[in-house]
>>> print(open('coords_28.pdb').read())   # PDB, C-alpha atoms
ATOM      1  CA  MET A   1      -2.661  -4.773 -12.685
ATOM      2  CA  ILE A   2       1.123  -5.030 -13.142
ATOM      3  CA  ARG A   3       3.132  -2.540 -15.186
ATOM      4  CA  VAL A   4       6.865  -3.241 -15.651
ATOM      5  CA  ALA A   5       9.205  -1.389 -18.018
ATOM      6  CA  VAL A   6      12.972  -1.226 -18.548
ATOM      7  CA  THR A   7      13.725   1.721 -20.824
ATOM      8  CA  ALA A   8      16.567   3.875 -22.114
ATOM      9  CA  GLU A   9      14.167   6.845 -22.169
ATOM     10  CA  PRO A  10      13.152   8.848 -19.071
ATOM     11  CA  PHE A  11       9.873   7.891 -17.390
ATOM     12  CA  ASP A  12       7.265  10.214 -15.844
ATOM     13  CA  PRO A  13       6.669   9.369 -12.149
ATOM     14  CA  VAL A  14       3.717  11.777 -11.900
ATOM     15  CA  ALA A  15       1.921  10.084 -14.807
ATOM     16  CA  ALA A  16       2.779   6.680 -13.266
ATOM     17  CA  ALA A  17       1.357   7.712  -9.859
ATOM     18  CA  THR A  18      -1.748   9.194 -11.509
ATOM     19  CA  ALA A  19      -2.300   5.913 -13.394
ATOM     20  CA  LEU A  20      -2.114   4.064 -10.048
ATOM     21  CA  GLU A  21      -4.798   6.406  -8.619
ATOM     22  CA  ARG A  22      -7.178   5.170 -11.333
ATOM     23  CA  GLU A  23      -6.998   1.620  -9.911
ATOM     24  CA  GLY A  24      -9.724   2.363  -7.357
ATOM     25  CA  ALA A  25      -7.397   2.083  -4.367
ATOM     26  CA  GLY A  26      -7.501   4.039  -1.107
ATOM     27  CA  GLY A  27      -3.746   4.540  -0.920
ATOM     28  CA  ILE A  28      -0.785   4.925  -3.258
ATOM     29  CA  ALA A  29       2.857   4.475  -2.153
ATOM     30  CA  THR A  30       5.672   5.475  -4.486
ATOM     31  CA  PHE A  31       9.468   5.525  -4.418
ATOM     32  CA  THR A  32      11.634   7.330  -6.971
ATOM     33  CA  GLY A  33      15.413   6.751  -7.034
ATOM     34  CA  LEU A  34      17.662   9.466  -8.532
ATOM     35  CA  VAL A  35      21.309   9.628  -9.614
ATOM     36  CA  ARG A  36      23.274  11.055  -6.640
ATOM     37  CA  ALA A  37      26.198  13.459  -7.033
ATOM     38  CA  ASP A  38      28.492  11.192  -4.946
ATOM     39  CA  ASP A  39      32.026  12.662  -4.653
ATOM     40  CA  GLY A  40      32.718  13.761  -8.206
ATOM     41  CA  VAL A  41      30.315  11.480 -10.088
ATOM     42  CA  THR A  42      29.388  13.124 -13.392
ATOM     43  CA  THR A  43      27.187  10.453 -14.989
ATOM     44  CA  LEU A  44      25.871   6.990 -14.161
ATOM     45  CA  GLU A  45      25.680   4.111 -16.637
ATOM     46  CA  LEU A  46      23.203   1.292 -16.088
ATOM     47  CA  GLU A  47      23.705  -2.069 -17.792
ATOM     48  CA  HIS A  48      21.233  -4.960 -17.577
ATOM     49  CA  TYR A  49      20.506  -8.502 -18.751
ATOM     50  CA  PRO A  50      17.744  -8.014 -21.356
ATOM     51  CA  GLY A  51      14.968 -10.556 -20.956
ATOM     52  CA  MET A  52      15.955 -11.735 -17.488
ATOM     53  CA  THR A  53      15.544  -8.227 -16.017
ATOM     54  CA  GLU A  54      11.960  -7.814 -17.193
ATOM     55  CA  ARG A  55      11.092 -11.354 -16.051
ATOM     56  CA  VAL A  56      12.571 -10.830 -12.553
ATOM     57  CA  LEU A  57      10.757  -7.484 -12.126
ATOM     58  CA  HIS A  58       7.481  -9.096 -13.196
ATOM     59  CA  GLU A  59       8.014 -11.997 -10.755
ATOM     60  CA  LEU A  60       8.749  -9.561  -7.897
ATOM     61  CA  ALA A  61       5.535  -7.658  -8.722
ATOM     62  CA  GLN A  62       3.586 -10.940  -8.699
ATOM     63  CA  GLU A  63       5.159 -11.927  -5.363
ATOM     64  CA  ALA A  64       4.128  -8.529  -3.926
ATOM     65  CA  GLN A  65       0.556  -9.143  -5.110
ATOM     66  CA  ARG A  66       0.524 -12.570  -3.438
ATOM     67  CA  ARG A  67       1.820 -11.190  -0.128
ATOM     68  CA  TRP A  68      -0.245  -8.012   0.091
ATOM     69  CA  ALA A  69      -3.746  -7.023  -1.051
ATOM     70  CA  LEU A  70      -2.728  -4.724  -3.919
ATOM     71  CA  SER A  71      -4.847  -3.455  -6.787
ATOM     72  CA  ALA A  72      -1.814  -2.428  -8.866
ATOM     73  CA  VAL A  73       2.013  -2.496  -8.977
ATOM     74  CA  THR A  74       4.241  -0.378 -11.232
ATOM     75  CA  VAL A  75       8.025  -0.834 -11.619
ATOM     76  CA  PHE A  76       9.995   1.314 -14.080
ATOM     77  CA  HIS A  77      13.815   1.161 -14.379
ATOM     78  CA  ARG A  78      16.091   3.210 -16.611
ATOM     79  CA  VAL A  79      19.141   1.774 -18.399
ATOM     80  CA  GLY A  80      21.923   3.541 -20.319
ATOM     81  CA  THR A  81      23.639   6.814 -19.407
ATOM     82  CA  MET A  82      22.056   9.192 -16.862
ATOM     83  CA  ALA A  83      23.072  12.606 -15.521
ATOM     84  CA  ILE A  84      23.027  13.704 -11.856
ATOM     85  CA  GLY A  85      19.449  14.141 -10.628
ATOM     86  CA  GLU A  86      17.901  11.975 -13.344
ATOM     87  CA  ARG A  87      15.438   9.302 -12.279
ATOM     88  CA  ILE A  88      16.729   5.708 -12.252
ATOM     89  CA  VAL A  89      13.874   3.741 -10.736
ATOM     90  CA  PHE A  90      10.187   4.131  -9.864
ATOM     91  CA  VAL A  91       8.201   1.716  -7.719
ATOM     92  CA  GLY A  92       4.510   2.376  -7.047
ATOM     93  CA  THR A  93       1.814   0.336  -5.328
ATOM     94  CA  ALA A  94      -1.940   0.826  -4.957
ATOM     95  CA  ALA A  95      -3.961  -0.772  -2.144
ATOM     96  CA  ALA A  96      -7.155  -0.200  -0.161
ATOM     97  CA  HIS A  97      -5.144   0.932   2.899
ATOM     98  CA  ARG A  98      -1.752   2.501   3.589
ATOM     99  CA  SER A  99      -0.039  -0.452   5.264
ATOM    100  CA  PRO A 100      -0.024  -2.948   2.372
ATOM    101  CA  ALA A 101       0.829  -0.159  -0.103
ATOM    102  CA  ILE A 102       3.831   1.056   1.917
ATOM    103  CA  GLU A 103       5.106  -2.412   2.890
ATOM    104  CA  ALA A 104       4.833  -3.776  -0.652
ATOM    105  CA  MET A 105       6.606  -0.701  -2.063
ATOM    106  CA  THR A 106       9.483  -1.192   0.418
ATOM    107  CA  PHE A 107       9.628  -4.931  -0.362
ATOM    108  CA  LEU A 108       9.851  -4.196  -4.095
ATOM    109  CA  ILE A 109      12.673  -1.645  -3.899
ATOM    110  CA  ASP A 110      14.656  -3.764  -1.391
ATOM    111  CA  ARG A 111      14.378  -6.959  -3.436
ATOM    112  CA  LEU A 112      14.888  -5.199  -6.775
ATOM    113  CA  LYS A 113      18.340  -4.097  -5.577
ATOM    114  CA  THR A 114      19.522  -7.678  -4.955
ATOM    115  CA  ASP A 115      17.418  -9.779  -7.382
ATOM    116  CA  ALA A 116      17.276  -7.838 -10.661
ATOM    117  CA  PRO A 117      20.300  -8.081 -13.012
ATOM    118  CA  PHE A 118      21.371  -4.425 -13.237
ATOM    119  CA  TRP A 119      24.926  -3.100 -12.905
ATOM    120  CA  LYS A 120      25.887   0.524 -12.199
ATOM    121  CA  ARG A 121      29.045   2.188 -13.441
ATOM    122  CA  GLU A 122      29.944   5.621 -12.022
ATOM    123  CA  GLN A 123      31.719   8.006 -14.340
ATOM    124  CA  ARG A 124      34.063  10.621 -12.851
ATOM    125  CA  GLU A 125      36.579  13.076 -14.373
ATOM    126  CA  ALA A 126      39.287  10.506 -13.517
ATOM    127  CA  GLY A 127      37.455   7.624 -15.218
ATOM    128  CA  GLY A 128      34.776   5.016 -14.694
ATOM    129  CA  ARG A 129      34.259   2.537 -11.853
ATOM    130  CA  TRP A 130      31.766  -0.319 -11.447
ATOM    131  CA  VAL A 131      29.748   0.085  -8.254
ATOM    132  CA  GLU A 132      30.314  -2.723  -5.695
ATOM    133  CA  ALA A 133      27.305  -4.492  -4.212
ATOM    134  CA  ARG A 134      26.610  -3.422  -0.616
ATOM    135  CA  ARG A 135      26.106  -5.771   2.327
ATOM    136  CA  THR A 136      23.429  -3.428   3.736
ATOM    137  CA  ASP A 137      21.385  -4.012   0.552
ATOM    138  CA  ASP A 138      21.618  -7.796   1.061
ATOM    139  CA  GLU A 139      20.481  -7.383   4.666
ATOM    140  CA  ALA A 140      17.551  -5.163   3.635
ATOM    141  CA  ALA A 141      16.435  -7.763   1.060
ATOM    142  CA  LYS A 142      16.772 -10.657   3.547
ATOM    143  CA  ARG A 143      14.109  -9.133   5.810
ATOM    144  CA  TRP A 144      11.527 -10.156   3.207
ATOM    145  CA  ARG A 145      12.576 -13.820   2.735
TER     146      ARG A 145
ATOM    147  CA  MET B   1      27.604 -29.589 -25.918
ATOM    148  CA  ALA B   2      27.491 -25.941 -27.039
ATOM    149  CA  ILE B   3      26.633 -23.321 -24.425
ATOM    150  CA  GLU B   4      25.811 -19.676 -25.120
ATOM    151  CA  MET B   5      27.795 -17.565 -22.641
ATOM    152  CA  LEU B   6      26.795 -13.997 -21.730
ATOM    153  CA  TYR B   7      29.061 -11.576 -19.836
ATOM    154  CA  PHE B   8      28.035  -8.349 -18.092
ATOM    155  CA  ALA B   9      29.680  -5.319 -16.426
ATOM    156  CA  TRP B  10      33.441  -5.752 -15.751
ATOM    157  CA  VAL B  11      33.323  -9.411 -16.819
ATOM    158  CA  ARG B  12      32.267  -8.184 -20.277
ATOM    159  CA  GLU B  13      34.992  -5.504 -20.248
ATOM    160  CA  ALA B  14      37.760  -7.886 -19.108
ATOM    161  CA  THR B  15      36.910 -10.563 -21.683
ATOM    162  CA  GLY B  16      36.374  -7.909 -24.364
ATOM    163  CA  MET B  17      33.122  -9.591 -25.428
ATOM    164  CA  GLY B  18      29.427  -9.586 -24.533
ATOM    165  CA  GLY B  19      29.291 -13.330 -25.022
ATOM    166  CA  GLU B  20      30.576 -16.369 -26.890
ATOM    167  CA  THR B  21      29.614 -19.929 -27.757
ATOM    168  CA  VAL B  22      31.727 -22.504 -25.913
ATOM    169  CA  ALA B  23      31.931 -26.296 -25.901
ATOM    170  CA  PRO B  24      33.618 -27.314 -22.633
ATOM    171  CA  PRO B  25      34.784 -30.933 -22.125
ATOM    172  CA  GLU B  26      32.639 -33.374 -20.119
ATOM    173  CA  THR B  27      34.869 -32.956 -17.075
ATOM    174  CA  VAL B  28      33.341 -29.464 -16.705
ATOM    175  CA  ARG B  29      30.245 -30.327 -14.631
ATOM    176  CA  THR B  30      29.416 -27.234 -12.535
ATOM    177  CA  VAL B  31      29.371 -23.462 -13.004
ATOM    178  CA  ALA B  32      32.539 -23.289 -10.858
ATOM    179  CA  ASP B  33      34.255 -25.826 -13.184
ATOM    180  CA  LEU B  34      33.163 -23.729 -16.161
ATOM    181  CA  ILE B  35      34.568 -20.534 -14.608
ATOM    182  CA  ASP B  36      37.945 -22.280 -14.025
ATOM    183  CA  TRP B  37      37.914 -23.614 -17.596
ATOM    184  CA  LEU B  38      37.056 -20.142 -19.012
ATOM    185  CA  ALA B  39      39.900 -18.558 -16.992
ATOM    186  CA  ALA B  40      42.416 -20.607 -19.008
ATOM    187  CA  ARG B  41      41.164 -19.289 -22.377
ATOM    188  CA  GLY B  42      43.323 -16.149 -22.479
ATOM    189  CA  GLU B  43      44.647 -13.117 -20.672
ATOM    190  CA  GLY B  44      41.343 -11.202 -20.576
ATOM    191  CA  HIS B  45      39.489 -14.329 -19.502
ATOM    192  CA  ALA B  46      42.047 -14.931 -16.733
ATOM    193  CA  ARG B  47      41.299 -11.400 -15.405
ATOM    194  CA  ALA B  48      37.528 -11.925 -15.678
ATOM    195  CA  PHE B  49      37.339 -15.431 -14.182
ATOM    196  CA  GLY B  50      40.428 -15.621 -11.917
ATOM    197  CA  GLU B  51      38.502 -14.853  -8.698
ATOM    198  CA  PRO B  52      35.263 -16.902  -8.679
ATOM    199  CA  ALA B  53      34.252 -15.448  -5.286
ATOM    200  CA  ARG B  54      33.658 -12.105  -7.071
ATOM    201  CA  LEU B  55      31.311 -13.700  -9.616
ATOM    202  CA  ARG B  56      27.634 -14.649  -9.808
ATOM    203  CA  ALA B  57      25.842 -16.752 -12.429
ATOM    204  CA  ALA B  58      22.491 -17.386 -14.062
ATOM    205  CA  ILE B  59      21.495 -20.497 -16.048
ATOM    206  CA  ASP B  60      18.744 -19.898 -18.609
ATOM    207  CA  GLN B  61      17.990 -16.576 -16.845
ATOM    208  CA  GLU B  62      17.679 -17.988 -13.282
ATOM    209  CA  PHE B  63      20.273 -17.144 -10.616
ATOM    210  CA  VAL B  64      22.193 -20.269  -9.521
ATOM    211  CA  PRO B  65      24.938 -20.907  -6.958
ATOM    212  CA  LEU B  66      28.382 -21.591  -8.445
ATOM    213  CA  ASP B  67      28.241 -25.273  -7.417
ATOM    214  CA  HIS B  68      25.144 -25.750  -9.624
ATOM    215  CA  ASP B  69      25.262 -28.517 -12.256
ATOM    216  CA  LEU B  70      25.456 -27.475 -15.934
ATOM    217  CA  ALA B  71      23.279 -30.335 -17.189
ATOM    218  CA  GLY B  72      20.929 -29.133 -19.931
ATOM    219  CA  ALA B  73      22.015 -25.470 -19.727
ATOM    220  CA  ARG B  74      21.587 -23.547 -22.988
ATOM    221  CA  GLU B  75      22.464 -20.010 -21.840
ATOM    222  CA  ILE B  76      24.803 -19.192 -18.958
ATOM    223  CA  ALA B  77      25.510 -15.646 -17.833
ATOM    224  CA  ILE B  78      28.488 -14.717 -15.626
ATOM    225  CA  PHE B  79      28.572 -11.317 -13.913
ATOM    226  CA  PRO B  80      29.472  -9.426 -10.723
ATOM    227  CA  PRO B  81      26.906  -9.084  -7.872
ATOM    228  CA  VAL B  82      24.025  -6.900  -9.101
ATOM    229  CA  THR B  83      23.782  -3.178  -8.193
ATOM    230  CA  GLY B  84      20.485  -1.846  -9.559
ATOM    231  CA  GLY B  85      17.771   0.265  -7.989
TER     232      GLY B  85
END
>>> encode(input="coords_28.pdb", output="structure tokens")
Amino acid sequence: MIRVAVTAEPFDPVAAATALEREGAGGIATFTGLVRADDGVTTLELEHYPGMTERVLHELAQEAQRRWALSAVTVFHRVGTMAIGERIVFVGTAAAHRSPAIEAMTFLIDRLKTDAPFWKREQREAGGRWVEARRTDDEAAKRWR
Amino acid sequence: MAIEMLYFAWVREATGMGGETVAPPETVRTVADLIDWLAARGEGHARAFGEPARLRAAIDQEFVPLDHDLAGAREIAIFPPVTGG
């Protein structure tokens, strides 16, 4: 079972994790990413490439299912304007045992950061700034190639 | 040949548009050629496309390197490196 959604509305990570528990798995791994209050950031804006984003997320979920024995994968990503502490991304995996669940969850969040067409813009009192891609994210994603 | 261009993040802001339909000459064969050709279309475009090393591209919603051929492309998106998650 694959669930992928890109939405302007907030998502509920507890409901998403509970839905994964109904997949008959022995273990659930989840990651939730939040908007950080980095030096003066007031809000975060997320832009994406409609159509391509959903397709890439679905392909990453399918790749995770090929590489690990998973009963379900969920990927939710917010777009639009978010306040500090709001949830940006949720990745959840369900598997018979902990190892595939945890590894696949890490794979998904690492690869999502470099493969899915999202762009972050940080808003501060002084104005907005597009976030630069980080080399450490590229290195984290390369581990899985 | 008409190509639907899409621009995201600061490429969209610099050009002042989310996209446009372009018909580059036949001498424009690769994404890198197209970026150079777009840079000559105006002041905003020069800012957006002046430094190809800062840009990434997708043809028909698949990431491609900048030396990729344009043959058969219907939709080409130009954008900065992605920063989601």
>>> residues_near_point(input="coords_28.pdb", point="(29.6, -27.3, -5.5)", cutoff="9 Å", atoms="only C-alpha atoms", output="list in words")
Thr30, Val31, Ala32, Pro65, Leu66, Asp67, His68 and Asp69 of chain B
>>> write_last_selection(input="coords_28.pdb", atoms="C-alpha atoms", output="short mmCIF file (atom, residue, chain, number, x, y, z; two decimals), in the coordinates of the input")
data_model
loop_
_atom_site.label_atom_id
_atom_site.label_comp_id
_atom_site.auth_asym_id
_atom_site.auth_seq_id
_atom_site.Cartn_x
_atom_site.Cartn_y
_atom_site.Cartn_z
CA THR B 30 29.42 -27.23 -12.54
CA VAL B 31 29.37 -23.46 -13.00
CA ALA B 32 32.54 -23.29 -10.86
CA PRO B 65 24.94 -20.91 -6.96
CA LEU B 66 28.38 -21.59 -8.44
CA ASP B 67 28.24 -25.27 -7.42
CA HIS B 68 25.14 -25.75 -9.62
CA ASP B 69 25.26 -28.52 -12.26
#
>>> interface_residues(input="coords_28.pdb", of="chain A", to="chain B", cutoff="10 Å", atoms="all atoms listed in the file", output="VMD selection string")
chain A and resid 32 to 34 46 to 53 55 to 56 76 to 79 88 to 91 108 to 121 129 to 134 137
>>> residues_around(input="coords_28.pdb", residues="Asp38 (chain A)", least_positions_apart="3", cutoff="10 Å", atoms="all atoms listed in the file", output="MDAnalysis selection string")
chainID A and resid 35 41:42 84 122 124
>>> resolve_selection(input="coords_28.pdb", expression="the PyMOL selection byres ((chain B and resi 36) around 10)", output="MDAnalysis selection string")
chainID B and resid 28 30:35 37:41 45:46 49:52
>>> atom_distance(input="coords_28.pdb", atom1="CA of Pro25 (chain B)", atom2="CA of Ala71 (chain B)")
12.5 Å
>>> residues_around(input="coords_28.pdb", residues="Trp68 (chain A)", least_positions_apart="5", cutoff="8 Å", atoms="all atoms listed in the file", output="JSON, numbers by chain")
{"A": [100, 101, 104]}
>>> write_last_selection(input="coords_28.pdb", atoms="C-alpha atoms", output="PDB file, keeping the file's coordinate frame")
ATOM      1  CA  PRO A 100      -0.024  -2.948   2.372  1.00  0.00           C
ATOM      2  CA  ALA A 101       0.829  -0.159  -0.103  1.00  0.00           C
ATOM      3  CA  ALA A 104       4.833  -3.776  -0.652  1.00  0.00           C
TER       4      ALA A 104
END
>>> atom_distance(input="coords_28.pdb", atom1="CA of Ser71 (chain A)", atom2="CA of Leu57 (chain A)")
17.0 Å
>>> residues_around(input="coords_28.pdb", residues="Met1 (chain A)", least_positions_apart="5", cutoff="9 Å", atoms="all atoms listed in the file", output="number ranges by chain")
A: 23, 70-74
>>> atom_distance(input="coords_28.pdb", atom1="CA of Val22 (chain B)", atom2="CA of Ala2 (chain B)")
5.6 Å
>>> resolve_selection(input="coords_28.pdb", expression="the PyMOL selection byres ((chain A and resi 8) around 8)", output="PDB file with C-alpha atoms, in the frame of the given file")
ATOM      1  CA  VAL A   6      12.972  -1.226 -18.548  1.00  0.00           C
ATOM      2  CA  THR A   7      13.725   1.721 -20.824  1.00  0.00           C
ATOM      3  CA  GLU A   9      14.167   6.845 -22.169  1.00  0.00           C
ATOM      4  CA  PRO A  10      13.152   8.848 -19.071  1.00  0.00           C
ATOM      5  CA  ARG A  78      16.091   3.210 -16.611  1.00  0.00           C
ATOM      6  CA  VAL A  79      19.141   1.774 -18.399  1.00  0.00           C
ATOM      7  CA  GLY A  80      21.923   3.541 -20.319  1.00  0.00           C
TER       8      GLY A  80
END
>>> closest_residue(input="coords_28.pdb", among="A:Val75, A:Ala83, A:Leu60, A:Ala19", to="Trp144 (chain A)", atoms="only C-alpha atoms")
A:Leu60
>>> decode(input="coords_28.pdb", residues="region 9-111 of chain A", atoms="C-alpha atoms", output="mmCIF file, in the first residue's frame")
data_model
loop_
_atom_site.group_PDB
_atom_site.id
_atom_site.type_symbol
_atom_site.label_atom_id
_atom_site.label_comp_id
_atom_site.auth_asym_id
_atom_site.auth_seq_id
_atom_site.Cartn_x
_atom_site.Cartn_y
_atom_site.Cartn_z
ATOM 1 C CA GLU A 9 -3.427 21.866 4.272
ATOM 2 C CA PRO A 10 -1.800 20.443 7.429
ATOM 3 C CA PHE A 11 -1.623 16.651 7.726
ATOM 4 C CA ASP A 12 -2.128 14.518 10.854
ATOM 5 C CA PRO A 13 0.957 12.350 11.569
ATOM 6 C CA VAL A 14 -0.828 10.429 14.343
ATOM 7 C CA ALA A 15 -3.664 9.421 12.001
ATOM 8 C CA ALA A 16 -1.056 8.534 9.335
ATOM 9 C CA ALA A 17 0.905 6.338 11.791
ATOM 10 C CA THR A 18 -2.312 4.705 13.031
ATOM 11 C CA ALA A 19 -3.288 3.907 9.420
ATOM 12 C CA LEU A 20 0.127 2.242 8.961
ATOM 13 C CA GLU A 21 -0.517 0.091 12.074
ATOM 14 C CA ARG A 22 -3.579 -1.356 10.318
ATOM 15 C CA GLU A 23 -1.344 -2.837 7.584
ATOM 16 C CA GLY A 24 -0.626 -5.943 9.669
ATOM 17 C CA ALA A 25 3.050 -5.116 10.156
ATOM 18 C CA GLY A 26 5.244 -5.819 13.182
ATOM 19 C CA GLY A 27 6.990 -2.453 13.093
ATOM 20 C CA ILE A 28 6.262 1.128 12.081
ATOM 21 C CA ALA A 29 8.989 3.757 11.488
ATOM 22 C CA THR A 30 8.035 7.399 11.061
ATOM 23 C CA PHE A 31 9.819 10.705 10.510
ATOM 24 C CA THR A 32 8.166 14.115 10.842
ATOM 25 C CA GLY A 33 10.000 17.259 9.670
ATOM 26 C CA LEU A 34 9.036 20.629 11.215
ATOM 27 C CA VAL A 35 9.748 24.270 10.358
ATOM 28 C CA ARG A 36 12.789 25.318 12.454
ATOM 29 C CA ALA A 37 13.155 28.767 14.020
ATOM 30 C CA ASP A 38 16.580 29.284 12.361
ATOM 31 C CA ASP A 39 18.056 32.719 13.231
ATOM 32 C CA GLY A 40 15.069 34.995 12.785
ATOM 33 C CA VAL A 41 12.980 32.891 10.391
ATOM 34 C CA THR A 42 9.315 33.830 10.801
ATOM 35 C CA THR A 43 7.665 31.673 8.126
ATOM 36 C CA LEU A 44 8.688 29.136 5.494
ATOM 37 C CA GLU A 45 7.270 29.000 1.970
ATOM 38 C CA LEU A 46 7.353 25.753 0.011
ATOM 39 C CA GLU A 47 7.035 25.783 -3.778
ATOM 40 C CA HIS A 48 6.856 22.643 -5.928
ATOM 41 C CA TYR A 49 6.473 21.346 -9.481
ATOM 42 C CA PRO A 50 2.868 20.060 -9.561
ATOM 43 C CA GLY A 51 2.613 16.694 -11.274
ATOM 44 C CA MET A 52 6.320 15.891 -11.208
ATOM 45 C CA THR A 53 6.442 16.073 -7.389
ATOM 46 C CA GLU A 54 3.693 13.512 -6.866
ATOM 47 C CA ARG A 55 5.208 11.224 -9.523
ATOM 48 C CA VAL A 56 8.711 11.369 -7.972
ATOM 49 C CA LEU A 57 7.348 10.667 -4.463
ATOM 50 C CA HIS A 58 5.369 7.704 -5.798
ATOM 51 C CA GLU A 59 8.457 6.353 -7.615
ATOM 52 C CA LEU A 60 10.567 6.683 -4.439
ATOM 53 C CA ALA A 61 7.886 4.777 -2.486
ATOM 54 C CA GLN A 62 7.888 2.044 -5.151
ATOM 55 C CA GLU A 63 11.701 1.863 -5.055
ATOM 56 C CA ALA A 64 11.539 1.481 -1.248
ATOM 57 C CA GLN A 65 9.062 -1.386 -1.666
ATOM 58 C CA ARG A 66 11.379 -3.106 -4.158
ATOM 59 C CA ARG A 67 14.411 -2.784 -1.869
ATOM 60 C CA TRP A 68 12.802 -3.681 1.452
ATOM 61 C CA ALA A 69 9.965 -6.003 2.498
ATOM 62 C CA LEU A 70 7.387 -3.325 3.351
ATOM 63 C CA SER A 71 3.646 -3.707 3.777
ATOM 64 C CA ALA A 72 2.999 0.040 3.435
ATOM 65 C CA VAL A 73 4.678 3.403 2.704
ATOM 66 C CA THR A 74 3.223 6.853 3.422
ATOM 67 C CA VAL A 75 4.751 10.161 2.240
ATOM 68 C CA PHE A 76 2.994 13.472 2.952
ATOM 69 C CA HIS A 77 4.533 16.872 2.074
ATOM 70 C CA ARG A 78 3.137 20.334 2.730
ATOM 71 C CA VAL A 79 3.403 23.220 0.248
ATOM 72 C CA GLY A 80 2.579 26.919 0.682
ATOM 73 C CA THR A 81 3.266 29.096 3.728
ATOM 74 C CA MET A 82 4.062 27.500 7.113
ATOM 75 C CA ALA A 83 4.754 28.949 10.564
ATOM 76 C CA ILE A 84 7.547 27.879 12.951
ATOM 77 C CA GLY A 85 6.831 24.430 14.398
ATOM 78 C CA GLU A 86 4.397 23.421 11.655
ATOM 79 C CA ARG A 87 4.884 20.039 10.022
ATOM 80 C CA ILE A 88 6.458 20.037 6.542
ATOM 81 C CA VAL A 89 6.960 16.363 5.786
ATOM 82 C CA PHE A 90 5.905 12.938 7.074
ATOM 83 C CA VAL A 91 7.457 9.648 6.003
ATOM 84 C CA GLY A 92 6.158 6.378 7.463
ATOM 85 C CA THR A 93 6.924 2.745 6.690
ATOM 86 C CA ALA A 94 5.387 -0.520 7.893
ATOM 87 C CA ALA A 95 7.272 -3.836 7.824
ATOM 88 C CA ALA A 96 7.336 -7.190 9.615
ATOM 89 C CA HIS A 97 10.550 -6.227 11.467
ATOM 90 C CA ARG A 98 12.270 -3.033 12.601
ATOM 91 C CA SER A 99 15.264 -3.084 10.257
ATOM 92 C CA PRO A 100 13.485 -2.765 6.891
ATOM 93 C CA ALA A 101 11.034 -0.226 8.364
ATOM 94 C CA ILE A 102 13.798 2.019 9.740
ATOM 95 C CA GLU A 103 16.133 1.689 6.733
ATOM 96 C CA ALA A 104 13.370 2.351 4.202
ATOM 97 C CA MET A 105 12.166 5.385 6.186
ATOM 98 C CA THR A 106 15.718 6.817 6.199
ATOM 99 C CA PHE A 107 16.122 6.072 2.472
ATOM 100 C CA LEU A 108 12.864 7.893 1.702
ATOM 101 C CA ILE A 109 13.642 11.079 3.640
ATOM 102 C CA ASP A 110 17.243 11.212 2.324
ATOM 103 C CA ARG A 111 16.234 10.740 -1.312
#
